[in-house]
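S.K.: mmCIF, C-alpha atoms, saved as target.cif, coming up:
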```
data_data
loop_
_atom_site.label_atom_id
_atom_site.label_comp_id
_atom_site.auth_asym_id
_atom_site.auth_seq_id
_atom_site.Cartn_x
_atom_site.Cartn_y
_atom_site.Cartn_z
CA MET A 295 -0.19 4.77 27.02
CA SER A 296 -1.90 6.59 29.85
CA TYR A 297 -4.60 5.42 32.20
CA ALA A 298 -6.95 8.08 30.82
CA GLN A 299 -6.42 6.81 27.30
CA LEU A 300 -7.30 3.25 28.29
CA ILE A 301 -10.32 4.00 30.47
CA GLY A 302 -11.58 7.30 29.07
CA ASP A 303 -14.31 9.35 30.70
CA TRP A 304 -17.74 8.21 31.78
CA GLN A 305 -19.52 10.68 29.47
CA ALA A 306 -18.13 8.82 26.46
CA LEU A 307 -19.54 5.56 27.86
CA VAL A 308 -22.95 7.21 28.32
CA VAL A 309 -22.81 8.33 24.68
CA LEU A 310 -21.92 4.75 23.71
CA PHE A 311 -25.07 3.46 25.41
CA VAL A 312 -27.40 6.21 24.18
CA ALA A 313 -26.15 6.39 20.57
CA GLY A 314 -24.92 2.80 20.16
CA VAL A 315 -26.13 0.10 22.53
CA VAL A 316 -29.81 1.08 22.88
CA PRO A 317 -30.55 1.90 19.18
CA ASN A 318 -28.84 -1.37 18.20
CA GLN A 319 -30.16 -3.69 20.88
CA ILE A 320 -33.77 -2.62 20.55
CA TRP A 321 -34.13 -4.64 17.33
CA ARG A 322 -32.79 -7.85 18.86
CA MET A 323 -35.14 -7.51 21.81
CA LEU A 324 -38.10 -6.81 19.51
CA GLY A 325 -37.13 -9.98 17.63
CA LEU A 326 -37.08 -11.90 20.92
CA TRP A 327 -40.49 -10.56 22.01
CA PHE A 328 -42.39 -10.55 18.75
CA GLY A 329 -40.63 -13.50 17.17
CA GLY A 330 -43.41 -15.26 15.32
CA GLY A 331 -45.49 -14.02 12.46
CA ILE A 332 -42.93 -11.87 10.65
CA ASP A 333 -42.44 -12.58 7.00
CA GLU A 334 -38.70 -12.41 6.36
CA GLY A 335 -39.29 -11.70 2.68
CA SER A 336 -41.78 -8.85 3.21
CA GLU A 337 -41.30 -5.82 0.96
CA LEU A 338 -40.74 -3.47 3.88
CA LEU A 339 -37.84 -5.60 5.13
CA VAL A 340 -36.32 -5.73 1.64
CA TRP A 341 -36.28 -1.91 1.60
CA VAL A 342 -34.92 -1.72 5.15
CA ARG A 343 -32.14 -4.13 4.30
CA ALA A 344 -31.25 -2.13 1.19
CA VAL A 345 -31.05 1.13 3.17
CA ALA A 346 -28.99 -0.56 5.92
CA THR A 347 -26.58 -1.95 3.34
CA ALA A 348 -26.25 1.46 1.69
CA ILE A 349 -25.56 3.14 5.04
CA LEU A 350 -22.81 0.64 5.74
CA ALA A 351 -21.47 1.24 2.22
CA GLY A 352 -21.42 4.97 3.00
CA VAL A 353 -19.35 4.36 6.12
CA ILE A 354 -16.92 2.20 4.15
CA ALA A 355 -16.60 5.05 1.63
CA GLN A 356 -16.18 7.61 4.41
CA ILE A 357 -13.21 5.73 5.91
CA VAL A 358 -11.53 5.54 2.50
CA VAL A 359 -12.40 9.07 1.28
CA GLN A 360 -11.94 10.96 4.57
CA PRO A 361 -9.51 8.63 6.36
CA PRO A 362 -8.98 8.82 10.13
CA GLY A 363 -5.60 8.90 11.88
CA ALA A 364 -2.70 7.03 10.34
CA LEU A 365 -4.67 6.16 7.21
CA ALA A 366 -4.59 9.84 6.22
CA SER A 367 -0.83 9.45 5.62
CA VAL A 368 -1.59 7.21 2.63
CA PRO A 369 -2.12 9.11 -0.66
CA ASP A 370 -5.69 9.10 -2.08
CA ALA A 371 -4.72 7.10 -5.17
CA LEU A 372 -3.20 4.33 -3.07
CA ARG A 373 -6.28 3.95 -0.88
CA TYR A 374 -8.62 3.86 -3.87
CA GLY A 375 -6.19 1.55 -5.69
CA ALA A 376 -6.12 -0.82 -2.71
CA VAL A 377 -9.92 -1.10 -2.73
CA ALA A 378 -9.94 -1.66 -6.51
CA ALA A 379 -7.16 -4.27 -6.36
CA GLY A 380 -8.88 -6.09 -3.48
CA LEU A 381 -12.18 -6.02 -5.35
CA ILE A 382 -10.67 -7.49 -8.53
CA VAL A 383 -9.07 -10.34 -6.55
CA PHE A 384 -12.25 -10.87 -4.50
CA LEU A 385 -14.33 -11.20 -7.68
CA SER A 386 -11.80 -13.43 -9.46
CA THR A 387 -11.40 -15.85 -6.52
CA ARG A 388 -15.10 -16.70 -6.34
CA ARG A 389 -15.69 -14.12 -3.62
CA SER A 390 -12.93 -14.99 -1.16
CA ILE A 391 -13.07 -12.34 1.57
CA PHE A 392 -9.64 -13.39 2.77
CA ALA A 393 -7.95 -13.10 -0.65
CA GLY A 394 -9.61 -9.73 -1.27
CA VAL A 395 -8.51 -8.23 2.04
CA VAL A 396 -4.95 -9.56 1.76
CA SER A 397 -4.49 -8.25 -1.80
CA GLY A 398 -5.90 -4.83 -0.93
CA GLU A 399 -3.51 -4.60 2.00
CA LEU A 400 -0.53 -5.79 -0.06
CA PHE A 401 -1.32 -3.27 -2.79
CA MET A 402 -1.36 -0.43 -0.30
CA LEU A 403 1.82 -1.53 1.49
CA ALA A 404 3.68 -2.12 -1.78
CA GLY A 405 2.60 1.29 -3.06
CA LYS A 406 3.69 2.98 0.15
CA TRP A 407 7.05 1.22 -0.04
CA TRP A 408 7.42 2.14 -3.73
CA LEU A 409 6.72 5.81 -3.03
CA GLY A 410 9.17 5.71 -0.12
CA MET B 139 -12.87 -31.62 14.80
CA ALA B 140 -16.23 -33.26 14.21
CA LEU B 141 -19.18 -32.81 16.54
CA PRO B 142 -20.32 -36.01 18.32
CA PRO B 143 -23.33 -37.85 16.85
CA LEU B 144 -26.74 -36.59 17.95
CA ASP B 145 -27.33 -39.56 20.31
CA SER B 146 -23.88 -39.42 21.91
CA PRO B 147 -23.67 -39.18 25.75
CA GLN B 148 -21.37 -36.20 25.05
CA TRP B 149 -24.50 -34.10 24.70
CA GLN B 150 -26.01 -35.04 28.07
CA SER B 151 -24.49 -32.13 29.95
CA PRO B 152 -25.27 -28.54 28.96
CA TRP B 153 -21.71 -27.58 29.94
CA ARG B 154 -20.30 -30.10 27.49
CA ALA B 155 -22.57 -28.62 24.82
CA PHE B 156 -21.29 -25.12 25.73
CA THR B 157 -17.72 -26.39 25.35
CA TRP B 158 -18.48 -27.95 21.97
CA GLY B 159 -19.90 -24.59 20.89
CA LEU B 160 -16.79 -22.82 22.14
CA ARG B 161 -14.52 -25.22 20.29
CA SER B 162 -16.50 -24.80 17.08
CA ILE B 163 -15.01 -21.32 16.56
CA THR B 164 -11.89 -23.12 15.29
CA GLN B 165 -13.99 -24.70 12.53
CA THR B 166 -14.78 -21.62 10.49
CA ILE B 167 -12.84 -19.13 8.38
CA LEU B 168 -15.30 -16.49 9.61
CA THR B 169 -13.46 -16.44 12.95
CA LEU B 170 -10.37 -15.21 11.11
CA VAL B 171 -12.40 -12.59 9.22
CA LEU B 172 -13.94 -11.43 12.51
CA PHE B 173 -10.47 -11.21 14.07
CA ALA B 174 -9.21 -9.01 11.22
CA THR B 175 -12.38 -6.87 11.36
CA TYR B 176 -12.14 -6.30 15.11
CA LEU B 177 -8.41 -5.66 14.85
CA GLY B 178 -9.41 -2.82 12.52
CA ILE B 179 -12.17 -1.62 14.86
CA GLY B 180 -9.67 -1.47 17.75
CA ALA B 181 -7.27 0.57 15.62
CA LEU B 182 -10.11 2.80 14.38
CA ALA B 183 -11.22 3.47 17.97
CA HIS B 184 -7.65 4.43 18.86
CA ASP B 185 -7.20 6.79 15.93
CA THR B 186 -10.58 8.48 16.50
CA HIS B 187 -9.61 9.05 20.16
CA PHE B 188 -11.88 6.61 21.95
CA SER B 189 -10.56 4.74 25.00
CA LEU B 190 -9.78 1.03 24.97
CA LEU B 191 -12.48 0.42 27.57
CA TRP B 192 -14.96 2.20 25.31
CA ALA B 193 -13.98 0.00 22.37
CA LEU B 194 -14.30 -3.19 24.45
CA CYS B 195 -17.69 -2.10 25.83
CA SER B 196 -18.91 -1.40 22.32
CA THR B 197 -17.94 -4.93 21.24
CA LEU B 198 -19.47 -6.51 24.33
CA PHE B 199 -22.75 -4.58 24.38
CA VAL B 200 -23.33 -3.66 20.74
CA TRP B 201 -21.84 -6.82 19.20
CA ALA B 202 -22.51 -5.80 15.61
CA GLY B 203 -19.52 -4.74 13.52
CA PRO B 204 -21.39 -2.40 11.14
CA ALA B 205 -23.12 -0.57 14.01
CA GLN B 206 -19.77 -0.21 15.78
CA ILE B 207 -17.93 1.33 12.85
CA ILE B 208 -20.91 3.56 12.06
CA LEU B 209 -20.90 4.74 15.68
CA ILE B 210 -17.13 5.31 15.82
CA THR B 211 -16.94 6.99 12.41
CA THR B 212 -19.94 9.30 12.86
CA LEU B 213 -19.12 10.33 16.46
CA GLY B 214 -15.46 10.67 15.49
CA SER B 215 -16.31 13.03 12.62
CA GLY B 216 -18.49 15.27 14.78
CA ALA B 217 -22.02 13.98 14.26
CA THR B 218 -24.50 14.60 17.09
CA ILE B 219 -25.68 11.78 19.34
CA ILE B 220 -29.08 11.81 17.63
CA GLN B 221 -27.54 11.55 14.14
CA SER B 222 -25.33 8.65 15.22
CA ALA B 223 -28.22 6.91 16.97
CA ILE B 224 -30.37 7.12 13.83
CA ALA B 225 -27.60 5.73 11.62
CA VAL B 226 -26.94 2.91 14.12
CA THR B 227 -30.58 1.98 14.53
CA VAL B 228 -31.18 1.83 10.78
CA SER B 229 -28.14 -0.42 10.39
CA ALA B 230 -29.46 -2.62 13.22
CA ILE B 231 -32.94 -3.23 11.82
CA ARG B 232 -31.52 -6.20 9.91
CA LEU B 233 -30.90 -7.89 13.31
CA PHE B 234 -34.65 -8.16 13.82
CA PRO B 235 -35.36 -10.67 11.03
CA MET B 236 -32.11 -12.48 11.92
CA VAL B 237 -33.22 -13.01 15.52
CA VAL B 238 -36.71 -13.94 14.37
CA SER B 239 -35.35 -16.60 12.02
CA VAL B 240 -32.60 -18.02 14.24
CA LEU B 241 -34.39 -18.45 17.59
CA PRO B 242 -36.89 -21.05 16.34
CA LEU B 243 -33.87 -23.28 15.54
CA MET B 244 -33.13 -23.63 19.26
CA ARG B 245 -36.54 -23.27 20.85
CA THR B 246 -38.31 -26.29 22.40
CA PRO B 247 -41.94 -26.33 23.63
CA THR B 248 -40.68 -25.74 27.20
CA THR B 249 -38.15 -23.00 26.43
CA ARG B 250 -38.74 -19.78 28.36
CA ARG B 251 -38.09 -16.48 26.69
CA ARG B 252 -35.38 -15.43 29.16
CA GLU B 253 -33.35 -18.55 28.32
CA LEU B 254 -33.02 -17.16 24.80
CA PHE B 255 -31.81 -13.73 25.92
CA PHE B 256 -28.09 -14.37 25.37
CA ALA B 257 -28.70 -16.18 22.10
CA ALA B 258 -30.67 -13.13 20.92
CA HIS B 259 -27.93 -10.76 22.06
CA LEU B 260 -25.23 -12.85 20.36
CA THR B 261 -27.11 -12.95 17.07
CA ALA B 262 -25.23 -11.11 14.34
CA VAL B 263 -24.39 -12.12 10.83
CA THR B 264 -21.54 -14.53 11.73
CA LEU B 265 -23.49 -16.37 14.41
CA TRP B 266 -26.56 -16.45 12.18
CA VAL B 267 -24.58 -18.12 9.38
CA GLU B 268 -22.90 -20.58 11.75
CA CYS B 269 -26.18 -21.51 13.47
CA HIS B 270 -27.63 -22.63 10.18
CA ARG B 271 -24.50 -24.70 9.58
CA PHE B 272 -23.90 -26.25 13.01
CA LEU B 273 -27.30 -26.55 14.71
CA PRO B 274 -28.63 -29.45 12.60
CA GLN B 275 -25.75 -31.47 14.15
CA VAL B 276 -26.70 -30.52 17.72
CA PRO B 277 -29.58 -32.11 19.71
CA ARG B 278 -32.38 -29.56 20.03
CA GLU B 279 -32.41 -29.47 23.84
CA ARG B 280 -28.67 -28.56 23.89
CA ARG B 281 -28.73 -25.92 21.17
CA ILE B 282 -29.04 -22.89 23.46
CA ALA B 283 -25.98 -24.02 25.45
CA PHE B 284 -24.09 -24.69 22.22
CA VAL B 285 -24.93 -21.26 20.78
CA ASN B 286 -23.97 -19.55 24.04
CA GLY B 287 -20.59 -21.32 23.87
CA LEU B 288 -20.09 -20.41 20.22
CA GLY B 289 -21.04 -16.78 20.87
CA PHE B 290 -18.87 -16.58 24.00
CA GLY B 291 -15.92 -17.83 21.96
CA LEU B 292 -16.52 -15.34 19.12
CA VAL B 293 -16.92 -12.41 21.53
CA SER B 294 -13.66 -13.40 23.28
CA VAL B 295 -11.82 -13.53 19.96
CA CYS B 296 -13.13 -10.07 19.06
CA LEU B 297 -12.29 -8.51 22.45
CA THR B 298 -8.75 -9.85 22.05
CA ALA B 299 -8.56 -8.49 18.51
CA ASN B 300 -9.81 -5.06 19.69
CA THR B 301 -7.10 -4.89 22.33
CA VAL B 302 -4.35 -6.01 19.95
CA GLY B 303 -5.53 -3.56 17.26
CA TYR B 304 -5.71 -0.70 19.74
CA PHE B 305 -2.14 -1.23 20.93
CA LEU B 306 -0.83 -1.82 17.44
CA ALA B 307 -2.35 1.47 16.27
CA ALA B 308 -0.71 3.20 19.23
CA ASN B 309 2.73 1.68 18.75
CA LEU B 310 3.24 0.77 15.11
CA THR B 311 4.83 2.89 12.44
CA GLN B 312 2.40 5.07 10.52
CA THR B 313 2.41 2.74 7.50
CA LEU B 314 1.52 -0.40 9.47
CA GLY B 315 -1.03 1.57 11.48
CA ALA B 316 -2.62 2.63 8.20
CA ALA B 317 -2.65 -1.00 7.04
CA ILE B 318 -4.59 -2.06 10.14
CA LEU B 319 -7.11 0.77 9.69
CA MET B 320 -7.56 -0.30 6.08
CA LEU B 321 -8.73 -3.75 7.29
CA THR B 322 -12.10 -2.27 8.28
CA PRO B 323 -13.30 -0.94 4.91
CA LEU B 324 -11.86 -3.93 3.03
CA SER B 325 -13.33 -6.63 5.28
CA PHE B 326 -16.73 -4.94 5.46
CA LEU B 327 -16.87 -4.30 1.72
CA PHE B 328 -16.09 -7.92 0.85
CA SER B 329 -18.11 -9.60 3.59
CA THR B 330 -21.14 -7.48 2.66
CA ALA B 331 -20.60 -8.24 -1.03
CA ARG B 332 -20.37 -11.92 -0.21
CA ASN B 333 -23.66 -11.83 1.69
CA SER B 334 -25.42 -10.04 -1.17
CA ARG B 335 -27.83 -12.53 -2.62
CA GLU B 336 -30.12 -10.30 -4.64
CA ALA B 337 -29.53 -7.59 -7.23
CA ALA B 338 -30.95 -5.08 -4.74
CA ASP B 339 -28.16 -5.86 -2.26
CA VAL B 340 -25.44 -5.34 -4.86
CA VAL B 341 -26.98 -2.08 -6.09
CA ALA B 342 -27.34 -0.81 -2.51
CA LEU B 343 -23.70 -1.59 -1.76
CA ALA B 344 -22.27 -0.11 -4.97
CA LEU B 345 -24.49 3.00 -5.02
CA GLY B 346 -23.98 3.54 -1.30
CA VAL B 347 -20.22 3.71 -1.85
CA LEU B 348 -20.53 5.97 -4.92
CA LEU B 349 -23.15 8.37 -3.53
CA TYR B 350 -21.43 9.02 -0.20
CA PRO B 351 -18.77 11.42 -1.61
CA ILE B 352 -21.54 13.41 -3.34
CA ALA B 353 -23.66 13.55 -0.16
CA ALA B 354 -20.57 14.57 1.82
CA LYS B 355 -20.20 17.65 -0.42
CA MET B 356 -23.56 18.94 0.83
CA ASN B 357 -22.07 18.96 4.32
CA SER B 358 -25.40 18.59 6.07
CA GLY B 359 -24.07 16.48 8.92
CA LEU B 360 -26.47 13.77 7.77
CA ASP B 361 -24.29 12.67 4.84
CA ILE B 362 -24.39 8.97 5.71
CA LEU B 363 -28.16 8.97 6.22
CA VAL B 364 -28.83 10.93 3.02
CA SER B 365 -26.65 8.74 0.79
CA GLY B 366 -27.93 5.59 2.54
CA LEU B 367 -31.60 6.49 2.10
CA VAL B 368 -31.20 7.51 -1.54
CA ALA B 369 -29.02 4.56 -2.55
CA GLY B 370 -31.11 2.08 -0.56
CA THR B 371 -34.36 3.34 -2.02
CA ILE B 372 -32.99 3.19 -5.59
CA ALA B 373 -31.82 -0.37 -4.85
CA TYR B 374 -35.30 -1.23 -3.60
CA GLY B 375 -36.68 0.31 -6.81
CA VAL B 376 -34.49 -2.07 -8.82
CA HIS B 377 -35.79 -5.00 -6.75
CA TRP B 378 -39.39 -3.81 -7.26
CA TRP B 379 -38.85 -3.36 -11.02
CA ARG B 380 -37.39 -6.87 -11.37
CA GLU B 381 -39.44 -8.93 -8.92
CA VAL B 382 -42.71 -7.31 -7.94
CA ARG B 383 -43.69 -5.72 -11.22
CA ALA B 384 -42.83 -8.86 -13.19
#
```
I need this file expressed as structure tokens, please.

M.R.:
Amino acid sequence: MSYAQLIGDWQALVVLFVAGVVPNQIWRMLGLWFGGGIDEGSELLVWVRAVATAILAGVIAQIVVQPPGALASVPDALRYGAVAAGLIVFLSTRRSIFAGVVSGELFMLAGKWWLG
Amino acid sequence: MALPPLDSPQWQSPWRAFTWGLRSITQTILTLVLFATYLGIGALAHDTHFSLLWALCSTLFVWAGPAQIILITTLGSGATIIQSAIAVTVSAIRLFPMVVSVLPLMRTPTTRRRELFFAAHLTAVTLWVECHRFLPQVPRERRIAFVNGLGFGLVSVCLTANTVGYFLAANLTQTLGAAILMLTPLSFLFSTARNSREAADVVALALGVLLYPIAAKMNSGLDILVSGLVAGTIAYGVHWWREVRA
């Protein structure tokens, strides 16, 4: 692995701060400054949380539907099957994250091995 | 490992409290989940052509898994900086009520705001959950030191996981590399599902997954934002229908 690959260029780090660090950190700092007097159960925050959850859900879907890098070598059906298998185990083990992740992974690896 | 009793001399030094916080990372399964998640983030950063330093900086300075994968995935698939920033900031709004609810647990009448800076930065869903579990067992005047130790430990675990994931993605066979990348969607799907307390959360998660492929077909560049806003607003509608209207 090359030096350039490990360190990268400074423009990418600027993008990280502008698109990632600042838009993320601003909410923690607002929480620190205007801590009191916010109703955690307010209707606006319920909506915000729902939209944030749905955005994260969209990203999860994006990785599975339009997979990056090595994941693209896995056939569609296997990726979807892995999520379904993990979900079934997750739900039937009283929501064990660990069991769900392990079963999804095993499903995908077994399928890949089966297909050769 | 059990924490010492509240009146133990063990708590007299802030450094001891920091160390107890650090050691507490061994007391939770969430550390393992975080490790797997950040292993996946490291691999994802590698396969979307970000540098290792970039990935480590994102963990250190963003310190929010969802924001990090949103950033990597959107930038990696050609979104503009503005589009990524909007998606990240919407995902980060949930940190605001978390910080607001967690800081009072460690504040004393003499606490200055700057003493809480690191605790605020370290606040994310894992730390938030663990604070509610551990802090009742920690004397109030040592809680900031304890949380700093706990957060320092968790960040270290995640930086290590990023590095391992990055190198694994670079060196493993394609199949094992794919398995590590798959950790990210699986761990986020199940940890978000586990944290869903209300019907609205479940609807937002399920609809968000289902609507994304439809939004992606419109190819607007704002796919994630469009599906997120629509699914989230429908989920809020369900909440409103069930709770507010009733």

S.K.: Contacts of Ala308 in chain B at 9 Å or less, counting only C-alpha atoms, minus same-chain residues fewer than 4 places along, as a compact mmCIF listing (two decimals) with C-alpha atoms, keeping the file's coordinate frame?

M.R.:
```
# COMPACT_ATOMS: atom_id res chain seq x y z
CA MET A 295 -0.19 4.77 27.02
CA ALA B 181 -7.27 0.57 15.62
CA HIS B 184 -7.65 4.43 18.86
CA ASP B 185 -7.20 6.79 15.93
CA GLY B 303 -5.53 -3.56 17.26
CA TYR B 304 -5.71 -0.70 19.74
CA GLY B 315 -1.03 1.57 11.48
```

S.K.: Point out the residue among B:Val341, B:Ala155, B:Ala353, B:Ile210 with the least atom-to-atom distance to Thr371 in chain B, counting only C-alpha atoms.

M.R.: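 Of B:Val341, B:Ala155, B:Ala353, B:Ile210, the one nearest Thr371 in chain B, counting only C-alpha atoms, is B:Val341.
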
S.K.: Using all atoms listed in the file, pick whichever of A:Ala371, A:Ala376, A:Ala346, A:Val316 has the shortest atom-to-atom distance to chain B.

M.R.: A:Ala346

S.K.: With the PyMOL selection byres ((chain B and resi 365) around 12) as the selection, what would be picked from this file? Answer as a ChimeraX atom specification, please.

M.R.: /A:344-353,355-356 /B:225,342-364,366-373

S.K.: Report the residues retrieved by the PyMOL selection byres ((chain A and resi 386-391) around 12) from the displayed file, expressed as a CSV table (one decimal) with C-alpha atoms, keeping the file's coordinate frame.

M.R.:
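Ended up saving to expr_20.csv:
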```csv
chain,number,residue,atom,x,y,z
A,379,ALA,CA,-7.2,-4.3,-6.4
A,380,GLY,CA,-8.9,-6.1,-3.5
A,381,LEU,CA,-12.2,-6.0,-5.4
A,382,ILE,CA,-10.7,-7.5,-8.5
A,383,VAL,CA,-9.1,-10.3,-6.6
A,384,PHE,CA,-12.2,-10.9,-4.5
A,385,LEU,CA,-14.3,-11.2,-7.7
A,392,PHE,CA,-9.6,-13.4,2.8
A,393,ALA,CA,-8.0,-13.1,-0.6
A,394,GLY,CA,-9.6,-9.7,-1.3
A,395,VAL,CA,-8.5,-8.2,2.0
A,396,VAL,CA,-5.0,-9.6,1.8
A,397,SER,CA,-4.5,-8.2,-1.8
A,398,GLY,CA,-5.9,-4.8,-0.9
B,167,ILE,CA,-12.8,-19.1,8.4
B,168,LEU,CA,-15.3,-16.5,9.6
B,170,LEU,CA,-10.4,-15.2,11.1
B,171,VAL,CA,-12.4,-12.6,9.2
B,172,LEU,CA,-13.9,-11.4,12.5
B,174,ALA,CA,-9.2,-9.0,11.2
B,175,THR,CA,-12.4,-6.9,11.4
B,321,LEU,CA,-8.7,-3.8,7.3
B,323,PRO,CA,-13.3,-0.9,4.9
B,324,LEU,CA,-11.9,-3.9,3.0
B,325,SER,CA,-13.3,-6.6,5.3
B,326,PHE,CA,-16.7,-4.9,5.5
B,327,LEU,CA,-16.9,-4.3,1.7
B,328,PHE,CA,-16.1,-7.9,0.8
B,329,SER,CA,-18.1,-9.6,3.6
B,330,THR,CA,-21.1,-7.5,2.7
B,331,ALA,CA,-20.6,-8.2,-1.0
B,332,ARG,CA,-20.4,-11.9,-0.2
B,333,ASN,CA,-23.7,-11.8,1.7
B,334,SER,CA,-25.4,-10.0,-1.2
```

S.K.: Give me, as a count of residues only, all polymer residues having an atom no more than 12 Å from Cys195 in chain B, counting only C-alpha atoms and skipping those fewer than 3 positions away in the same chain.

M.R.: 30

S.K.: Do you know which residues the PyMOL selection byres ((chain A and resi 337) around 12) returns on this file, as a list in words?

M.R.: Ile332, Asp333, Glu334, Gly335, Ser336, Leu338, Leu339, Val340, Trp341, Val342, Arg343 and Ala344 of chain A; Ala338, Thr371, Tyr374, Gly375, His377, Trp378, Glu381 and Val382 of chain B

S.K.: So, with all atoms listed in the file as the atoms that count, which of A:Trp327, A:Asp303, A:Leu400, A:Ile354 lies closest to chain B?

M.R.: A:Ile354

S.K.: For Leu273 in chain B, find every residue with an atom within 12 Å (counting all atoms listed in the file), except residues of its own chain fewer than 4 positions away, and show them as a PyMOL selection string.

M.R.: chain B and resi 141+144+155+158-159+162+240-245+265-269+277-285+288

S.K.: Go ahead and save the residues from that selection, with C-alpha atoms, as a short mmCIF file (atom, residue, chain, number, x, y, z; two decimals), keeping the file's coordinate frame.

M.R.:
```cif
data_model
loop_
_atom_site.label_atom_id
_atom_site.label_comp_id
_atom_site.auth_asym_id
_atom_site.auth_seq_id
_atom_site.Cartn_x
_atom_site.Cartn_y
_atom_site.Cartn_z
CA LEU B 141 -19.18 -32.81 16.54
CA LEU B 144 -26.74 -36.59 17.95
CA ALA B 155 -22.57 -28.62 24.82
CA TRP B 158 -18.48 -27.95 21.97
CA GLY B 159 -19.90 -24.59 20.89
CA SER B 162 -16.50 -24.80 17.08
CA VAL B 240 -32.60 -18.02 14.24
CA LEU B 241 -34.39 -18.45 17.59
CA PRO B 242 -36.89 -21.05 16.34
CA LEU B 243 -33.87 -23.28 15.54
CA MET B 244 -33.13 -23.63 19.26
CA ARG B 245 -36.54 -23.27 20.85
CA LEU B 265 -23.49 -16.37 14.41
CA TRP B 266 -26.56 -16.45 12.18
CA VAL B 267 -24.58 -18.12 9.38
CA GLU B 268 -22.90 -20.58 11.75
CA CYS B 269 -26.18 -21.51 13.47
CA PRO B 277 -29.58 -32.11 19.71
CA ARG B 278 -32.38 -29.56 20.03
CA GLU B 279 -32.41 -29.47 23.84
CA ARG B 280 -28.67 -28.56 23.89
CA ARG B 281 -28.73 -25.92 21.17
CA ILE B 282 -29.04 -22.89 23.46
CA ALA B 283 -25.98 -24.02 25.45
CA PHE B 284 -24.09 -24.69 22.22
CA VAL B 285 -24.93 -21.26 20.78
CA LEU B 288 -20.09 -20.41 20.22
#
```

S.K.: Take CA of Leu177 in chain B and CA of Ser294 in chain B and report the distance between them in Å, one decimal.

M.R.: 12.6 Å

S.K.: I need the residue nearest chain A from this list: B:Gly287, B:Pro274, B:Pro247, B:Pro204. Use all atoms listed in the file for the distance.

M.R.: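 Smallest separation from chain A among the options: B:Pro204.
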
S.K.: In Å, rounded to a single decimal, give me how far CA of Gln275 in chain B is from CA of Pro147 in chain B.

M.R.: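 Atom-to-atom, CA of Pro147 in chain B to CA of Gln275 in chain B, that is 14.1 Å.
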